[in-house]
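This report concerns only the one structure given below.
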Amino acid sequence: MMSQRNPIPRRQVLIQGGAAAAGLAVLPTDIFRGWLAGFDQEAVIPWVQRPHPGLTERMNILNWEELDSWITPVRQMFRVGHYGSPVIAESDWNLEIGGLVDRPRTFSLAELRARPRQEVVFTLECSGNRGRPSFIGGVHNARWAGTGLADVLTEAGVQEDGIEVVFFGADEGEEEIRGNTVTQNFARSLSLEDAMDPGIILAYEVNDEPLPNAHGFPLRVIAPGWYGIANVKWLTRIELRDRRFMGKFMARDYVTLRAEERDGATVWTETSVGRVNINSVPAKVTRNGAGYAIHGAAWGADIAGVEVRVDEGPWRAATLGEGQGDPHTWTFWRIDWDATPGRHAIVSRAIDADGNVQPAADDPLLVNKRTYWESNGQLTRNVVID
Ligand SMILES: Nc1nc2c(c(=O)[nH]1)N[C@H]1C(S)=C(S)[C@@H](COP(=O)(O)O)O[C@H]1N2
Ligand SMILES: [Mo]
């Protein structure tokens, strides 16, 4: 596996190894040079729009221009905590499974670690990402390890009327609900059917290290295919219920409000943020001598293609790189660009395996949406070439 502290692109290793083995002092060929672009060799042309300093400080959002490895190192991972970021000692902690189960129980971290280990690389995106022009780095692609949720639920023996699995975090805050001020823990739920997806894990490691406090130590849910909000951190309790859960982060916040036209009438739909939507961004423009390349990432679906448009030019197909074929990870892409001096607008659109295209920024689906979440429209970014 690639080292996190000193990421060396795999292709670079191959090239260096090949040259050394052959006793040659060759430079990468043009083909390889393209792939190396965007790592250390080439100059990055800064975007006109700078990263938002407040969001960088508060949420550690990814600065796309600094993206240089497919696995996001922990230091580059954005983080969100609606009720702060609790620091939990392992000795004070356990996980409870309760509610409508035949065998309620608790687990220590050691007991969870002793269970079968399951790993997944998952691109976790905040559903608020892209909701404002300055918030475009709320996404990371990390390798998580833990134990399967479905087996834990099965062993607990979900009762006949258990339909909803609620995940509670240790973090809590005061909420006002129709005149009542109550203390609530962060919580989100999945239907039992969704929770039984064998891909969902109770994760205790990220990138081969124990979870950092900010990312949920000692345990969090990792639900590949779901927006960040479903991935409950600082997990303390899993509860089976016979009704849908209507907590703040299911039913009040993280609700997408959208106008839809039905037979000439407007219908307002309110849907809880859930599964991820297809998305892509141009990450950076690099120069190598006279040649330029545009690099980016696409995620949120089984990515079959990415197309890039500069100014009023034609859409051109980018070359897909690492991550292709895995619907739960981002796919890197790149495209050569014969740039001319001046200011240019660069936009990308991802296409999934069923031919669905990432919506344009002015697609009615997005224009008729009144809330900030699920803003996955095509992103246009500007550069100035000297
Ligand atoms: N307990 C708890 N879990 C949480 C949150 C939270 O505020 N509390 N925020 C959620 C949101 S909105 C996102 S986007 C992801 C972010 O995960 P990260 O901080 O590891 O990047 O955590 C989710 N899990
Ligand atoms: Mo989020």
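If you're wondering about the labels, chains in the structure tokens are A, B, ... by order shown, residues count from 1 in each chain, ligands from 1 in order shown.
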**Study point:** Site check for ligand 2: residues at most 12 Å away, only C-alpha atoms and all ligand atoms, as a PyMOL selection string
**Key:** chain A and resi 59+61+78-82+124-131+135+137-140+188+226-233+249+253-254+273-274+276+372-374
Produce a file of the selected residues containing C-alpha atoms, as a short mmCIF file (atom, residue, chain, number, x, y, z; two decimals), in the first residue's frame.
```cif
data_model
loop_
_atom_site.label_atom_id
_atom_site.label_comp_id
_atom_site.auth_asym_id
_atom_site.auth_seq_id
_atom_site.Cartn_x
_atom_site.Cartn_y
_atom_site.Cartn_z
CA MET A 59 -13.56 22.44 8.84
CA ILE A 61 -11.74 21.59 3.93
CA PHE A 78 -12.30 17.89 6.18
CA ARG A 79 -14.30 17.44 9.38
CA VAL A 80 -17.72 18.37 10.68
CA GLY A 81 -19.06 18.36 14.25
CA HIS A 82 -22.51 19.85 14.78
CA LEU A 124 -17.24 10.56 2.00
CA GLU A 125 -18.81 13.82 0.92
CA CYS A 126 -20.67 16.30 3.12
CA SER A 127 -24.12 16.82 1.61
CA GLY A 128 -23.55 20.56 2.08
CA ASN A 129 -20.47 20.41 -0.12
CA ARG A 130 -20.86 22.68 -3.14
CA GLY A 131 -23.88 24.31 -1.46
CA PHE A 135 -17.48 25.28 0.10
CA GLY A 137 -13.59 20.81 -0.39
CA GLY A 138 -16.01 18.90 1.86
CA VAL A 139 -14.95 15.49 0.58
CA HIS A 140 -12.29 12.88 1.35
CA ARG A 188 -29.20 9.53 12.38
CA TRP A 226 -24.41 7.62 1.71
CA TYR A 227 -23.71 11.28 2.27
CA GLY A 228 -21.45 12.23 5.21
CA ILE A 229 -24.34 12.90 7.59
CA ALA A 230 -25.22 9.16 7.74
CA ASN A 231 -21.71 8.30 8.93
CA VAL A 232 -22.29 8.87 12.66
CA LYS A 233 -19.11 9.59 14.62
CA PHE A 249 -30.64 15.56 11.33
CA ASP A 253 -32.10 19.79 9.09
CA TYR A 254 -30.59 17.94 6.15
CA VAL A 273 -30.61 13.72 2.63
CA GLY A 274 -29.55 10.14 2.02
CA VAL A 276 -24.91 10.39 -2.57
CA TYR A 372 -28.23 24.10 0.43
CA TRP A 373 -27.76 20.32 0.51
CA GLU A 374 -27.22 18.00 -2.47
#
```
Practice item. With a distance cut-off of 9 Å and only C-alpha atoms, select the neighbouring residues of A:Leu109, excluding the residue or stretch itself and same-chain residues fewer than 4 positions from it, and output the selection as JSON, numbers by chain. Key: {"A": [90, 91, 93, 94, 95, 113, 114, 204, 218, 219]}
Do you have, as a tab-separated table, the list of residues of stretch 24-125 of chain A lying at most 8 Å from stretch 234-242 of chain A, each with its nearest atom pair and that distance in Å to one decimal, counting only C-alpha atoms and ordered by chain then number?
```
residue	atom	partner	partner_atom	distance
A:Pro86	CA	A:Trp234	CA	7.6
A:Ile88	CA	A:Trp234	CA	7.9
A:Trp93	CA	A:Thr236	CA	7.6
A:Asn94	CA	A:Thr236	CA	6.4
A:Leu95	CA	A:Thr236	CA	4.7
A:Glu96	CA	A:Arg237	CA	4.6
A:Ile97	CA	A:Ile238	CA	4.9
A:Gly98	CA	A:Glu239	CA	4.9
A:Gly99	CA	A:Leu240	CA	4.8
A:Leu100	CA	A:Leu240	CA	4.9
A:Val101	CA	A:Leu240	CA	6.8
```
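Using only C-alpha atoms, the shortest contact distance between A:Asn376 and any of A:Arg103, A:Arg349, A:Arg50, A:Arg262 is found at A:Arg349.
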Exercise for review: Tell me, as a VMD selection string, which residues lie within 8 Å of A:Ile335, counting only C-alpha atoms; anything in the same chain fewer than 4 positions away does not count.
Suggested key: chain A and resid 293 to 295 308 317 to 319
Hey, can you spit out that residue selection with N, CA and C atoms as a PDB file, in the first residue's frame?
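Dumped to part.pdb:
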```pdb
ATOM      1  N   ALA A 293      -2.329  20.596 -18.360  1.00  0.00           N
ATOM      2  CA  ALA A 293      -3.291  19.516 -18.126  1.00  0.00           C
ATOM      3  C   ALA A 293      -4.272  19.955 -17.053  1.00  0.00           C
ATOM      4  N   ILE A 294      -5.495  19.439 -17.174  1.00  0.00           N
ATOM      5  CA  ILE A 294      -6.528  19.675 -16.172  1.00  0.00           C
ATOM      6  C   ILE A 294      -6.759  18.340 -15.465  1.00  0.00           C
ATOM      7  N   HIS A 295      -6.730  18.390 -14.129  1.00  0.00           N
ATOM      8  CA  HIS A 295      -6.906  17.179 -13.323  1.00  0.00           C
ATOM      9  C   HIS A 295      -8.137  17.338 -12.458  1.00  0.00           C
ATOM     10  N   VAL A 308     -14.928  17.380 -20.197  1.00  0.00           N
ATOM     11  CA  VAL A 308     -14.421  18.679 -19.765  1.00  0.00           C
ATOM     12  C   VAL A 308     -14.643  19.677 -20.895  1.00  0.00           C
ATOM     13  N   ALA A 317     -13.646  14.229 -23.843  1.00  0.00           N
ATOM     14  CA  ALA A 317     -13.568  13.136 -22.861  1.00  0.00           C
ATOM     15  C   ALA A 317     -12.224  13.169 -22.147  1.00  0.00           C
ATOM     16  N   ALA A 318     -12.261  13.136 -20.827  1.00  0.00           N
ATOM     17  CA  ALA A 318     -11.038  13.035 -20.022  1.00  0.00           C
ATOM     18  C   ALA A 318     -10.625  11.564 -19.936  1.00  0.00           C
ATOM     19  N   THR A 319      -9.370  11.336 -19.561  1.00  0.00           N
ATOM     20  CA  THR A 319      -8.875   9.980 -19.341  1.00  0.00           C
ATOM     21  C   THR A 319      -9.059   9.651 -17.866  1.00  0.00           C
TER      22      THR A 319
END
```
Practice item. Once DSSP has gone over the backbone, tell me which residues of stretch 75-276 of chain A are in strand (DSSP E), as a ChimeraX atom specification. Key: /A:95-99,105-107,118-125,139-148,164-177,180-191,201-206,209-210,220-222,235-241,255-262,265-272
Save the residues we just selected, C-alpha atoms, as a PDB file, in the first residue's frame?
```
ATOM      1  CA  LEU A  95     -21.141   0.548  22.366  1.00  0.00           C
ATOM      2  CA  GLU A  96     -24.672  -0.451  23.332  1.00  0.00           C
ATOM      3  CA  ILE A  97     -27.066  -2.382  21.098  1.00  0.00           C
ATOM      4  CA  GLY A  98     -30.599  -2.067  22.365  1.00  0.00           C
ATOM      5  CA  GLY A  99     -34.237  -1.454  21.635  1.00  0.00           C
ATOM      6  CA  ARG A 105     -25.549  -6.061  24.849  1.00  0.00           C
ATOM      7  CA  THR A 106     -22.528  -3.819  25.045  1.00  0.00           C
ATOM      8  CA  PHE A 107     -19.189  -4.080  23.262  1.00  0.00           C
ATOM      9  CA  GLN A 118     -13.612  -5.424   7.131  1.00  0.00           C
ATOM     10  CA  GLU A 119     -11.987  -2.630   5.118  1.00  0.00           C
ATOM     11  CA  VAL A 120     -13.398  -0.215   2.596  1.00  0.00           C
ATOM     12  CA  VAL A 121     -12.103   2.766   0.666  1.00  0.00           C
ATOM     13  CA  PHE A 122     -14.917   5.286   0.578  1.00  0.00           C
ATOM     14  CA  THR A 123     -15.285   8.805  -0.746  1.00  0.00           C
ATOM     15  CA  LEU A 124     -17.244  10.556   1.999  1.00  0.00           C
ATOM     16  CA  GLU A 125     -18.811  13.823   0.920  1.00  0.00           C
ATOM     17  CA  VAL A 139     -14.955  15.488   0.581  1.00  0.00           C
ATOM     18  CA  HIS A 140     -12.290  12.881   1.353  1.00  0.00           C
ATOM     19  CA  ASN A 141     -11.360   9.422   0.149  1.00  0.00           C
ATOM     20  CA  ALA A 142      -9.953   7.313   2.961  1.00  0.00           C
ATOM     21  CA  ARG A 143      -9.451   3.640   3.811  1.00  0.00           C
ATOM     22  CA  TRP A 144     -11.608   2.657   6.771  1.00  0.00           C
ATOM     23  CA  ALA A 145     -11.376  -0.535   8.822  1.00  0.00           C
ATOM     24  CA  GLY A 146     -13.840  -1.963  11.294  1.00  0.00           C
ATOM     25  CA  THR A 147     -16.344  -4.763  11.632  1.00  0.00           C
ATOM     26  CA  GLY A 148     -19.518  -5.402   9.672  1.00  0.00           C
ATOM     27  CA  GLU A 164     -35.490   1.408  11.998  1.00  0.00           C
ATOM     28  CA  VAL A 165     -31.855   1.432  13.163  1.00  0.00           C
ATOM     29  CA  VAL A 166     -30.898   4.610  15.019  1.00  0.00           C
ATOM     30  CA  PHE A 167     -27.239   5.509  15.568  1.00  0.00           C
ATOM     31  CA  PHE A 168     -26.451   7.856  18.451  1.00  0.00           C
ATOM     32  CA  GLY A 169     -23.228   9.812  18.872  1.00  0.00           C
ATOM     33  CA  ALA A 170     -21.743  10.961  22.183  1.00  0.00           C
ATOM     34  CA  ASP A 171     -21.959  14.599  21.078  1.00  0.00           C
ATOM     35  CA  GLU A 172     -24.992  16.507  22.295  1.00  0.00           C
ATOM     36  CA  GLY A 173     -26.593  19.930  22.113  1.00  0.00           C
ATOM     37  CA  GLU A 174     -29.713  21.857  23.041  1.00  0.00           C
ATOM     38  CA  GLU A 175     -32.520  21.948  20.526  1.00  0.00           C
ATOM     39  CA  GLU A 176     -35.748  23.836  20.604  1.00  0.00           C
ATOM     40  CA  ILE A 177     -38.771  21.989  19.302  1.00  0.00           C
ATOM     41  CA  ASN A 180     -39.474  22.875  24.318  1.00  0.00           C
ATOM     42  CA  THR A 181     -35.740  23.112  24.863  1.00  0.00           C
ATOM     43  CA  VAL A 182     -34.261  19.643  25.119  1.00  0.00           C
ATOM     44  CA  THR A 183     -30.773  18.136  25.151  1.00  0.00           C
ATOM     45  CA  GLN A 184     -30.277  15.735  22.290  1.00  0.00           C
ATOM     46  CA  ASN A 185     -27.433  13.596  21.073  1.00  0.00           C
ATOM     47  CA  PHE A 186     -26.449  13.706  17.431  1.00  0.00           C
ATOM     48  CA  ALA A 187     -28.363  10.873  15.786  1.00  0.00           C
ATOM     49  CA  ARG A 188     -29.198   9.532  12.377  1.00  0.00           C
ATOM     50  CA  SER A 189     -31.042   6.420  11.272  1.00  0.00           C
ATOM     51  CA  LEU A 190     -31.202   3.919   8.461  1.00  0.00           C
ATOM     52  CA  SER A 191     -34.099   1.621   7.672  1.00  0.00           C
ATOM     53  CA  ILE A 201     -18.977  -1.052   8.858  1.00  0.00           C
ATOM     54  CA  LEU A 202     -18.491   0.089  12.432  1.00  0.00           C
ATOM     55  CA  ALA A 203     -15.077   1.646  11.856  1.00  0.00           C
ATOM     56  CA  TYR A 204     -12.251   2.008  14.389  1.00  0.00           C
ATOM     57  CA  GLU A 205      -9.400   2.855  11.981  1.00  0.00           C
ATOM     58  CA  VAL A 206      -8.784   5.261   9.142  1.00  0.00           C
ATOM     59  CA  GLU A 209      -4.463   4.332  12.283  1.00  0.00           C
ATOM     60  CA  PRO A 210      -6.973   4.530  15.162  1.00  0.00           C
ATOM     61  CA  ARG A 220     -18.083   5.542  13.819  1.00  0.00           C
ATOM     62  CA  VAL A 221     -20.455   4.318  11.157  1.00  0.00           C
ATOM     63  CA  ILE A 222     -19.035   4.121   7.636  1.00  0.00           C
ATOM     64  CA  LEU A 235     -20.966   6.162  18.158  1.00  0.00           C
ATOM     65  CA  THR A 236     -22.310   5.044  21.561  1.00  0.00           C
ATOM     66  CA  ARG A 237     -25.653   3.359  20.933  1.00  0.00           C
ATOM     67  CA  ILE A 238     -27.477   1.509  18.185  1.00  0.00           C
ATOM     68  CA  GLU A 239     -31.196   1.246  18.810  1.00  0.00           C
ATOM     69  CA  LEU A 240     -33.849  -0.750  16.953  1.00  0.00           C
ATOM     70  CA  ARG A 241     -37.258   0.895  16.780  1.00  0.00           C
ATOM     71  CA  VAL A 255     -33.940  18.088   4.409  1.00  0.00           C
ATOM     72  CA  THR A 256     -33.897  19.022   0.737  1.00  0.00           C
ATOM     73  CA  LEU A 257     -36.752  21.326  -0.247  1.00  0.00           C
ATOM     74  CA  ARG A 258     -37.512  21.390  -3.955  1.00  0.00           C
ATOM     75  CA  ALA A 259     -40.258  22.661  -6.232  1.00  0.00           C
ATOM     76  CA  GLU A 260     -41.469  20.126  -8.774  1.00  0.00           C
ATOM     77  CA  GLU A 261     -43.932  20.746 -11.567  1.00  0.00           C
ATOM     78  CA  ARG A 262     -46.838  18.281 -11.753  1.00  0.00           C
ATOM     79  CA  ALA A 265     -48.901  22.903 -10.620  1.00  0.00           C
ATOM     80  CA  THR A 266     -45.998  23.338  -8.222  1.00  0.00           C
ATOM     81  CA  VAL A 267     -45.504  20.607  -5.650  1.00  0.00           C
ATOM     82  CA  TRP A 268     -42.946  21.119  -2.875  1.00  0.00           C
ATOM     83  CA  THR A 269     -41.006  17.988  -2.028  1.00  0.00           C
ATOM     84  CA  GLU A 270     -39.089  17.590   1.238  1.00  0.00           C
ATOM     85  CA  THR A 271     -36.689  14.670   1.315  1.00  0.00           C
ATOM     86  CA  SER A 272     -34.171  13.616   3.943  1.00  0.00           C
TER      87      SER A 272
END
```
Review point. Pick the closest to ligand 1 from A:Gly289, A:Gly264, A:Pro212, A:Gly199: which is it, counting only C-alpha atoms and all ligand atoms?
Key: A:Pro212
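When the distance limit is 8 Å and only C-alpha atoms are what count, the residues near A:Ala297, minus those fewer than 3 positions from it on the same chain, are Ser280, Val281, Pro282, Ala283, Trp330, Thr331, Phe332 and Trp333 of chain A.
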Revision key, fill the gap. Atom pair atom CA of A:Pro327 + atom CA of A:Leu67, distance 20.2 Å
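Our summary of the geometry notes that atom CA of A:Ile385 is positioned 22.1 Å from atom CA of A:Pro133.
For the atom pair formed by atom CA of A:Ser134 and atom 11 (C, counted along the ligand's line) of ligand 1, the distance is 17.6 Å, given to one decimal.
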